[in-house]
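Q: My questions all concern the structure below.
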Amino acid sequence: MNSTPTELRAREFFLPGPGHYGVALILLVTSMFLVMAFPSGTALDAVALIIQMFALIACLRAAETSPKLIRVFEILAVLAIIAGLSPALWGAGIEKDLIRAATFLLVFTALPSIAIGLLRQLKRDQEVTIRTVFGALGIYMLLIIAFASAFGIIGVIEAGPVFEQGLSRDDYGSFVYYSVTTITTLGIGDLTPATDLGRSLTGVLTLFGQIYLVTVVALIVGNLGRRARERHDGPKKKKKDEAGE
């Protein structure tokens, strides 16, 4: 049975196809807003986790990752969501830390596949489009989420507060907020790492974020629509050259 145009559009929104990174970007921004804007430990934590997993799968689909690999990530994402929604696990104990560790591993494992897929699309299309920009920004957002989860892991490893400001700030919302202000070098200063491992990770995040912005993102944005402009200006230049002769 063939799908109607409306059904195809709806399916594409929830399960975006090749190159469609816009939906994933919206989901990532939404999940980050939820965890930063509302208190930790509420149902919104679970909602944010679900949105992040959907965004991750959407990025993999947009990057045209192998269907088998996507299926593996889907299974792992479902397991993470079940753990997040389970009343027995969703608390302040070690299980919550395991969820953050799983998020970190999922995102960092998926990032190479997404980056390779984006490069493959660029090579095939020979043109930078707005979808390419969305893909690059999606990787940037996933880095924020991965490092936020990493700061949560540091709290478990060090068995103490992640920030000098104390245990009251050791929640996922604070980790995301700190990752955002660090990767953008905003440096508000209201949160400061309490351990050597935390300071080291902060340095890595700052350097990686800036290098990524001034190289990858800048290069992509600088070449946005370049081929289209060349196609448009080519005939005009040819006529001008012929007139000059």
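Following the order of the structure tokens, first chain is A, next is B, and so on, with residues numbered from 1 inside each chain and ligands from 1 in the order they appear.
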Find the spatial neighbours of region 149-154 of chain A, counting only C-alpha atoms, within a cut-off of 10 Å - ignore same-chain residues fewer than 3 positions away - and output them as a count of residues only.
A: 36
Q: Using only C-alpha atoms, what table do you get, as JSON lines, when you list each residue of region 17-66 of chain A with an atom no more than 6 Å from region 119-139 of chain A, its nearest pair of atoms, and their distance in Å rounded to one decimal, rows by chain then rising number?
A:
```
{"residue": "A:Tyr21", "atom": "CA", "partner": "A:Gly135", "partner_atom": "CA", "distance": 5.3}
{"residue": "A:Gly22", "atom": "CA", "partner": "A:Phe134", "partner_atom": "CA", "distance": 5.8}
{"residue": "A:Leu25", "atom": "CA", "partner": "A:Gly138", "partner_atom": "CA", "distance": 5.3}
```
Q: Where does DSSP see alpha helix (DSSP H) in region 2-231 of chain A, if you list the residues as an NGL selection string?
A: :A and (5-14 or 22-37 or 43-62 or 67-85 or 94-125 or 130-158 or 172-183 or 196-211 or 218-222 or 226-231)
Q: Would you mind telling me which residue in A:Gly173, A:Leu142, A:Val78, A:Thr185 lies nearest to Ile211 (chain A) when using only C-alpha atoms?
A: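 Looking only at the distances to Ile211 (chain A), the closest residue turns out to be A:Thr185.
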Q: With only C-alpha atoms as the basis for distance, which of A:Ala24, A:Ala63, A:Leu34, A:Ile81 is at the shortest distance from Ile50 (chain A)?
A: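 Distance minimum relative to Ile50 (chain A) lands on A:Ile81.
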Q: Considering only C-alpha atoms, state which residue in the set A:Thr206, A:Thr109, A:Gln52, A:Gln165 is at the smallest distance from Phe33 (chain A).
A: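 Counting only C-alpha atoms, the residue closest to Phe33 (chain A) is A:Gln52.
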Q: CA of Tyr212 (chain A) to CA of Ala115 (chain A): how many Å, to one decimal?
A: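 Atom-to-atom, CA of Tyr212 (chain A) and CA of Ala115 (chain A) are spaced 12.1 Å apart.
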Q: Could you check which of A:Leu79, A:Ala62, A:Met141, A:Ile70 is closest to Leu27 (chain A), using only C-alpha atoms?
A: A:Met141
Q: Between CA of Ala55 (chain A) and CA of Thr30 (chain A), what distance in Å does the model show, to one decimal?
A: 9.9 Å
Q: Go through A:Leu191, A:Ala148, A:Ile183, A:Phe73 one by one, measure the shortest atom-to-atom distance of each to Gly166 (chain A) using only C-alpha atoms, and give the residue with the smallest value.
A: A:Leu191
